[in-house]
$ cat start.txt   # compact mmCIF, C-alpha atoms
# COMPACT_ATOMS: atom_id res chain seq x y z
CA MET A 1 25.22 29.99 -68.39
CA ILE A 2 26.02 26.54 -69.71
CA GLN A 3 23.36 25.00 -71.99
CA LEU A 4 22.56 21.30 -71.68
CA ASN A 5 19.95 19.56 -73.78
CA LEU A 6 18.80 17.46 -70.80
CA SER A 7 15.55 17.46 -68.90
CA VAL A 8 15.66 17.32 -65.10
CA TRP A 9 14.55 13.68 -65.40
CA GLN A 10 17.38 12.80 -67.80
CA LEU A 11 19.84 14.55 -65.48
CA ILE A 12 18.61 12.44 -62.54
CA GLU A 13 18.98 9.26 -64.60
CA ASP A 14 22.50 10.24 -65.68
CA VAL A 15 23.62 10.95 -62.11
CA GLN A 16 22.18 7.63 -60.92
CA ALA A 17 23.96 5.80 -63.76
CA THR A 18 27.41 6.98 -62.69
CA ARG A 19 29.79 6.93 -59.78
CA MET A 20 29.86 9.97 -57.53
CA ALA A 21 33.29 10.98 -58.85
CA LEU A 22 34.49 14.38 -60.03
CA PRO A 23 35.14 13.47 -63.70
CA ASP A 24 31.74 11.76 -64.02
CA ILE A 25 29.79 14.66 -62.52
CA GLU A 26 31.74 17.18 -64.59
CA LYS A 27 30.87 15.25 -67.75
CA ILE A 28 27.15 15.18 -66.87
CA LEU A 29 27.10 18.91 -66.03
CA GLY A 30 29.20 19.87 -69.09
CA GLN A 31 31.84 21.80 -67.16
CA THR A 32 34.92 21.72 -64.95
CA LEU A 33 33.97 22.16 -61.30
CA VAL A 34 36.16 24.30 -59.06
CA GLU A 35 37.28 23.22 -55.60
CA GLN A 36 36.11 25.58 -52.87
CA THR A 37 39.31 25.41 -50.82
CA GLN A 38 37.90 27.68 -48.08
CA LYS A 39 35.16 25.08 -47.42
CA SER A 40 37.18 21.88 -47.97
CA ASN A 41 38.40 20.15 -44.82
CA ASN A 42 40.00 16.91 -43.60
CA TYR A 43 36.85 14.98 -44.43
CA PHE A 44 35.45 16.45 -47.66
CA LYS A 45 36.43 18.44 -50.73
CA PHE A 46 33.75 20.89 -51.86
CA TYR A 47 33.26 21.83 -55.52
CA SER A 48 31.02 24.32 -57.28
CA GLY A 49 30.24 25.21 -60.87
CA GLN A 50 28.50 27.59 -63.23
CA PRO A 51 24.71 27.81 -63.61
CA VAL A 52 23.21 25.44 -66.16
CA ALA A 53 20.20 25.86 -68.45
CA LEU A 54 18.34 22.59 -68.91
CA ALA A 55 15.67 21.62 -71.43
CA ALA A 56 12.08 22.81 -70.89
CA GLY A 57 13.12 26.02 -69.14
CA ALA A 58 14.52 24.51 -65.93
CA THR A 59 17.86 25.70 -64.60
CA ILE A 60 20.50 24.64 -62.11
CA ALA A 61 21.21 27.84 -60.23
CA LYS A 62 23.87 26.40 -57.91
CA ILE A 63 26.03 23.26 -57.88
CA ASP A 64 27.43 21.88 -54.62
CA LEU A 65 29.46 18.66 -54.95
CA ARG A 66 30.97 17.17 -51.80
CA LEU A 67 33.45 14.34 -52.21
CA PRO A 68 35.18 12.50 -49.37
CA GLN A 69 38.92 12.90 -48.89
CA PRO A 70 40.84 9.68 -49.70
CA THR A 71 41.52 9.17 -45.98
CA HIS A 72 37.84 9.44 -45.03
CA ASN A 73 35.49 6.51 -45.58
CA ALA A 74 32.27 8.26 -46.65
CA THR A 75 30.05 8.72 -49.65
CA GLY A 76 29.83 11.88 -51.69
CA MET A 77 26.83 14.12 -52.16
CA LEU A 78 25.61 16.34 -54.97
CA VAL A 79 23.21 19.22 -54.28
CA LEU A 80 21.64 21.09 -57.19
CA ASP A 81 19.52 24.21 -56.63
CA ILE A 82 16.77 24.13 -59.25
CA GLY A 83 15.13 27.21 -60.73
CA GLY A 84 13.46 28.42 -63.88
CA GLU A 85 10.34 26.59 -65.02
CA CYS A 86 8.35 25.26 -62.07
CA ILE A 87 8.55 21.50 -61.52
CA THR A 88 5.60 20.55 -59.33
CA VAL A 89 5.16 17.83 -56.70
CA GLU A 90 2.69 16.16 -59.07
CA GLN A 91 5.31 16.01 -61.83
CA VAL A 92 7.88 14.53 -59.45
CA ASN A 93 5.33 11.96 -58.21
CA GLN A 94 4.60 10.84 -61.78
CA ILE A 95 8.25 9.87 -62.27
CA PHE A 96 8.98 8.81 -58.66
CA PRO A 97 5.75 7.31 -57.26
CA ASN A 98 7.35 5.83 -54.12
CA LEU A 99 8.39 9.06 -52.39
CA THR A 100 8.27 9.44 -48.64
CA ILE A 101 8.23 12.69 -46.69
CA THR A 102 11.53 12.91 -44.83
CA GLY A 103 11.58 16.57 -43.83
CA MET A 104 9.15 19.33 -42.98
CA PRO A 105 9.68 23.08 -42.53
CA ARG A 106 9.62 24.36 -38.95
CA GLY A 107 8.53 27.87 -39.87
CA THR A 108 11.78 29.70 -39.16
CA SER A 109 12.97 30.39 -42.72
CA LEU A 110 11.71 30.57 -46.29
CA GLU A 111 14.70 28.36 -47.20
CA GLU A 112 13.27 25.45 -45.20
CA ALA A 113 11.70 22.72 -47.30
CA THR A 114 9.32 19.85 -47.42
CA THR A 115 11.64 17.04 -48.46
CA LEU A 116 10.48 14.00 -50.42
CA THR A 117 12.91 11.08 -50.69
CA ASP A 118 13.20 8.23 -53.16
CA LYS A 119 15.36 5.33 -51.94
CA THR A 120 16.77 3.14 -54.69
CA THR A 121 19.50 0.53 -55.03
CA TRP A 122 21.76 3.41 -56.15
CA GLY A 123 21.09 5.49 -53.04
CA GLU A 124 18.79 8.39 -52.13
CA ILE A 125 17.44 11.26 -54.15
CA ARG A 126 15.80 14.03 -52.13
CA PHE A 127 13.45 16.57 -53.69
CA GLY A 128 13.18 19.83 -51.74
CA PHE A 129 10.17 22.14 -52.00
CA GLN A 130 11.15 25.31 -50.14
CA GLN A 131 8.77 27.65 -48.34
CA LYS A 132 9.69 30.53 -50.64
CA ARG A 133 8.22 28.54 -53.60
CA PRO A 134 6.37 25.62 -51.98
CA ASP A 135 4.73 24.43 -55.20
CA CYS A 136 8.00 24.24 -57.17
CA LEU A 137 11.07 22.04 -56.85
CA GLY A 138 13.82 24.04 -55.14
CA TYR A 139 16.65 21.53 -54.97
CA LEU A 140 17.80 17.99 -55.60
CA VAL A 141 20.15 16.03 -53.33
CA PHE A 142 21.89 12.90 -54.59
CA GLU A 143 23.50 10.64 -52.00
CA PRO A 144 24.75 7.27 -53.26
CA ASN A 145 25.02 4.16 -51.10
CA ASN A 146 28.73 3.83 -51.85

$ encode --input "start.txt" --output "structure tokens"
Amino acid sequence: MIQLNLSVWQLIEDVQATRMALPDIEKILGQTLVEQTQKSNNYFKFYSGQPVALAAGATIAKIDLRLPQPTHNATGMLVLDIGGECITVEQVNQIFPNLTITGMPRGTSLEEATTLTDKTTWGEIRFGFQQKRPDCLGYLVFEPNN
């Protein structure tokens, strides 16, 4: 597991301060990401990486970076599955007080989540609280405007 001396909040700031480009995300996450050629298609290249230990006991259990192919006019997306120390809704609300609920579980899977979204000039950050651990942050989704 890769060790980074970053809190979840610092990680969010760092992602928002950069372009959604492979070298920039690799630098933030302290590793080289590997293309998942079996998932990549005409529209997007998919990348994954090793788990990451963050400060204060939080972890990134899974990295999913999706970048548009040069021929496809789209934005990228970064999905980070969060584990380890529980980050609560209250903690997220302290840092991001303007969240709106943009998704609710339908009761068909423990993977479904209540999703809270913060819209900024950079783009959207979504905070997912899954049914399997509804009081703890389960994932982060970063989707820039450009």

$ residues_around --input "start.txt" --residues "A:Glu143" --least-positions-apart "6" --cutoff "6 Å" --atoms "all atoms listed in the file" --output "list in words"
Met77, Gly123 and Glu124 of chain A

$ atom_distance --input "start.txt" --atom1 "atom CA of A:Leu116" --atom2 "atom CA of A:Leu6"
22.3 Å

$ atom_distance --input "start.txt" --atom1 "atom CA of A:Ile87" --atom2 "atom CA of A:Gly103"
18.6 Å

$ closest_residue --input "start.txt" --among "A:Asn42, A:Ile2, A:Glu35, A:Glu112" --to "A:Asn73" --atoms "only C-alpha atoms"
A:Asn42

$ atom_distance --input "start.txt" --atom1 "atom CA of A:Ala55" --atom2 "atom CA of A:Glu90"
18.7 Å

$ residues_near_point --input "start.txt" --point "(18.3, 6.9, -61.6)" --cutoff "10 Å" --atoms "only C-alpha atoms" --output "ChimeraX atom specification"
/A:9-18,96,118,120-125,142

$ axis_aligned_box --input "start.txt" --around "stretch 133-141 of chain A" --padding-each-side "3 Å" --output "lines of an AutoDock Vina configuration file"
center_x = 12.4
center_y = 22.3
center_z = -54.6
size_x = 21.4
size_y = 18.5
size_z = 11.2

$ residues_around --input "start.txt" --residues "A:Pro23" --least-positions-apart "3" --cutoff "12 Å" --atoms "all atoms listed in the file" --output "MDAnalysis selection string"
chainID A and resid 15 18:20 26:34 47 65 67

$ residues_around --input "start.txt" --residues "A:Asp81" --least-positions-apart "6" --cutoff "9 Å" --atoms "all atoms listed in the file" --output "list of chain:residue names"
A:Thr59, A:Ile60, A:Ala61, A:Lys62, A:Ile63, A:Asp64, A:Leu137, A:Gly138, A:Tyr139, A:Leu140, A:Val141

$ residues_around --input "start.txt" --residues "A:Pro70" --least-positions-apart "2" --cutoff "9 Å" --atoms "only C-alpha atoms" --output "list in words"
Tyr43, Phe44, Pro68, His72 and Asn73 of chain A

$ residues_near_point --input "start.txt" --point "(13.7, 11.1, -46.4)" --cutoff "7 Å" --atoms "only C-alpha atoms" --output "list in words"
Thr100, Ile101, Thr102, Gly103, Thr115, Leu116, Thr117 and Arg126 of chain A

$ write_last_selection --input "start.txt" --atoms "C-alpha atoms" --output "PDB file, in the frame of the given file"
ATOM      1  CA  THR A 100       8.270   9.440 -48.640  1.00  0.00           C
ATOM      2  CA  ILE A 101       8.230  12.690 -46.690  1.00  0.00           C
ATOM      3  CA  THR A 102      11.530  12.910 -44.830  1.00  0.00           C
ATOM      4  CA  GLY A 103      11.580  16.570 -43.830  1.00  0.00           C
ATOM      5  CA  THR A 115      11.640  17.040 -48.460  1.00  0.00           C
ATOM      6  CA  LEU A 116      10.480  14.000 -50.420  1.00  0.00           C
ATOM      7  CA  THR A 117      12.910  11.080 -50.690  1.00  0.00           C
ATOM      8  CA  ARG A 126      15.800  14.030 -52.130  1.00  0.00           C
TER       9      ARG A 126
END

$ closest_residue --input "start.txt" --among "A:Leu4, A:Asn145, A:Pro134, A:Gly57" --to "A:Thr88" --atoms "all atoms listed in the file"
A:Pro134

$ closest_residue --input "start.txt" --among "A:Gln3, A:Ile25, A:Arg66, A:Phe129" --to "A:Val79" --atoms "all atoms listed in the file"
A:Arg66

$ closest_residue --input "start.txt" --among "A:Val8, A:Val52, A:Leu78, A:Ile95" --to "A:Leu22" --atoms "only C-alpha atoms"
A:Leu78

$ closest_residue --input "start.txt" --among "A:Leu54, A:Met1, A:Ala21, A:Ala113" --to "A:Phe127" --atoms "all atoms listed in the file"
A:Ala113

$ decode --input "start.txt" --residues "stretch 5-130 of chain A" --atoms "C-alpha atoms" --output "tab-separated table (two decimals), in the first residue's frame"
chain	number	residue	atom	x	y	z
A	5	ASN	CA	0.86	12.18	4.06
A	6	LEU	CA	-2.40	13.79	2.87
A	7	SER	CA	-5.77	14.04	4.52
A	8	VAL	CA	-8.87	13.35	2.44
A	9	TRP	CA	-9.49	17.11	2.45
A	10	GLN	CA	-5.99	17.89	1.14
A	11	LEU	CA	-6.44	15.24	-1.54
A	12	ILE	CA	-9.70	16.87	-2.65
A	13	GLU	CA	-8.00	20.28	-2.80
A	14	ASP	CA	-5.09	18.86	-4.81
A	15	VAL	CA	-7.39	17.20	-7.36
A	16	GLN	CA	-9.40	20.41	-7.75
A	17	ALA	CA	-6.18	22.41	-8.25
A	18	THR	CA	-5.09	20.36	-11.25
A	19	ARG	CA	-6.20	19.30	-14.69
A	20	MET	CA	-7.81	15.90	-15.04
A	21	ALA	CA	-4.76	14.53	-16.84
A	22	LEU	CA	-2.89	11.28	-16.24
A	23	PRO	CA	0.46	12.80	-15.13
A	24	ASP	CA	-1.26	15.19	-12.71
A	25	ILE	CA	-3.40	12.49	-11.08
A	26	GLU	CA	-0.42	10.13	-10.88
A	27	LYS	CA	1.58	12.82	-9.10
A	28	ILE	CA	-1.20	13.45	-6.56
A	29	LEU	CA	-1.67	9.71	-5.89
A	30	GLY	CA	2.09	9.02	-5.74
A	31	GLN	CA	2.08	6.24	-8.32
A	32	THR	CA	1.94	5.23	-11.97
A	33	LEU	CA	-1.59	4.22	-12.95
A	34	VAL	CA	-2.10	1.25	-15.27
A	35	GLU	CA	-4.43	1.33	-18.26
A	36	GLN	CA	-7.18	-1.27	-18.04
A	37	THR	CA	-7.13	-2.19	-21.73
A	38	GLN	CA	-10.03	-4.66	-21.36
A	39	LYS	CA	-12.27	-1.75	-20.22
A	40	SER	CA	-10.92	1.01	-22.48
A	41	ASN	CA	-12.98	1.75	-25.58
A	42	ASN	CA	-13.33	4.26	-28.43
A	43	TYR	CA	-14.50	6.93	-26.00
A	44	PHE	CA	-12.50	6.49	-22.79
A	45	LYS	CA	-9.26	5.04	-21.44
A	46	PHE	CA	-9.64	3.47	-17.99
A	47	TYR	CA	-6.81	3.46	-15.45
A	48	SER	CA	-6.41	1.90	-12.01
A	49	GLY	CA	-3.80	1.96	-9.28
A	50	GLN	CA	-2.64	0.55	-5.99
A	51	PRO	CA	-4.41	1.18	-2.67
A	52	VAL	CA	-3.28	4.28	-0.81
A	53	ALA	CA	-3.00	4.98	2.92
A	54	LEU	CA	-3.87	8.58	3.73
A	55	ALA	CA	-3.32	10.58	6.91
A	56	ALA	CA	-5.67	10.05	9.87
A	57	GLY	CA	-6.33	6.40	9.04
A	58	ALA	CA	-8.33	6.88	5.83
A	59	THR	CA	-7.51	4.79	2.78
A	60	ILE	CA	-8.19	4.74	-0.93
A	61	ALA	CA	-9.14	1.13	-1.56
A	62	LYS	CA	-9.70	1.48	-5.31
A	63	ILE	CA	-8.74	4.04	-7.98
A	64	ASP	CA	-10.77	4.39	-11.18
A	65	LEU	CA	-9.59	7.13	-13.56
A	66	ARG	CA	-11.48	7.58	-16.84
A	67	LEU	CA	-9.96	9.88	-19.43
A	68	PRO	CA	-11.49	10.68	-22.82
A	69	GLN	CA	-9.80	9.44	-25.98
A	70	PRO	CA	-8.28	12.30	-28.03
A	71	THR	CA	-11.03	11.86	-30.64
A	72	HIS	CA	-13.84	12.15	-28.07
A	73	ASN	CA	-14.87	15.54	-26.73
A	74	ALA	CA	-15.65	14.75	-23.08
A	75	THR	CA	-14.34	15.39	-19.60
A	76	GLY	CA	-12.56	12.84	-17.47
A	77	MET	CA	-13.67	11.41	-14.17
A	78	LEU	CA	-11.86	10.13	-11.10
A	79	VAL	CA	-13.57	7.71	-8.69
A	80	LEU	CA	-11.89	6.86	-5.40
A	81	ASP	CA	-13.31	4.18	-3.08
A	82	ILE	CA	-12.67	5.37	0.47
A	83	GLY	CA	-12.13	3.07	3.43
A	84	GLY	CA	-10.35	2.92	6.75
A	85	GLU	CA	-11.25	5.54	9.34
A	86	CYS	CA	-14.89	6.59	9.05
A	87	ILE	CA	-15.50	10.02	7.53
A	88	THR	CA	-19.00	11.07	8.52
A	89	VAL	CA	-21.62	13.20	6.76
A	90	GLU	CA	-21.12	15.80	9.49
A	91	GLN	CA	-17.39	16.00	8.75
A	92	VAL	CA	-18.05	16.39	5.03
A	93	ASN	CA	-20.67	19.10	5.72
A	94	GLN	CA	-18.18	21.07	7.83
A	95	ILE	CA	-15.82	21.37	4.85
A	96	PHE	CA	-18.49	21.47	2.11
A	97	PRO	CA	-21.54	23.25	3.57
A	98	ASN	CA	-23.37	23.68	0.23
A	99	LEU	CA	-24.01	20.02	-0.57
A	100	THR	CA	-27.16	18.89	-2.30
A	101	ILE	CA	-28.59	15.37	-2.34
A	102	THR	CA	-28.30	14.10	-5.91
A	103	GLY	CA	-28.85	10.38	-5.42
A	104	MET	CA	-30.71	8.05	-3.11
A	105	PRO	CA	-30.54	4.26	-2.70
A	106	ARG	CA	-33.46	2.29	-4.12
A	107	GLY	CA	-33.06	-0.65	-1.77
A	108	THR	CA	-31.73	-3.21	-4.24
A	109	SER	CA	-28.07	-3.35	-3.17
A	110	LEU	CA	-25.79	-2.51	-0.27
A	111	GLU	CA	-23.53	-0.81	-2.85
A	112	GLU	CA	-26.18	1.84	-3.55
A	113	ALA	CA	-25.49	5.21	-1.98
A	114	THR	CA	-26.89	8.46	-0.81
A	115	THR	CA	-24.94	10.90	-2.95
A	116	LEU	CA	-24.16	14.45	-1.87
A	117	THR	CA	-22.79	16.81	-4.53
A	118	ASP	CA	-20.77	20.01	-4.30
A	119	LYS	CA	-20.78	22.09	-7.50
A	120	THR	CA	-17.87	24.48	-7.86
A	121	THR	CA	-16.26	26.50	-10.63
A	122	TRP	CA	-13.89	23.52	-11.06
A	123	GLY	CA	-16.70	21.00	-11.53
A	124	GLU	CA	-18.53	18.51	-9.31
A	125	ILE	CA	-17.40	16.46	-6.37
A	126	ARG	CA	-19.79	13.71	-5.29
A	127	PHE	CA	-19.62	12.09	-1.86
A	128	GLY	CA	-21.18	8.62	-1.71
A	129	PHE	CA	-22.46	7.08	1.51
A	130	GLN	CA	-23.25	3.45	0.66
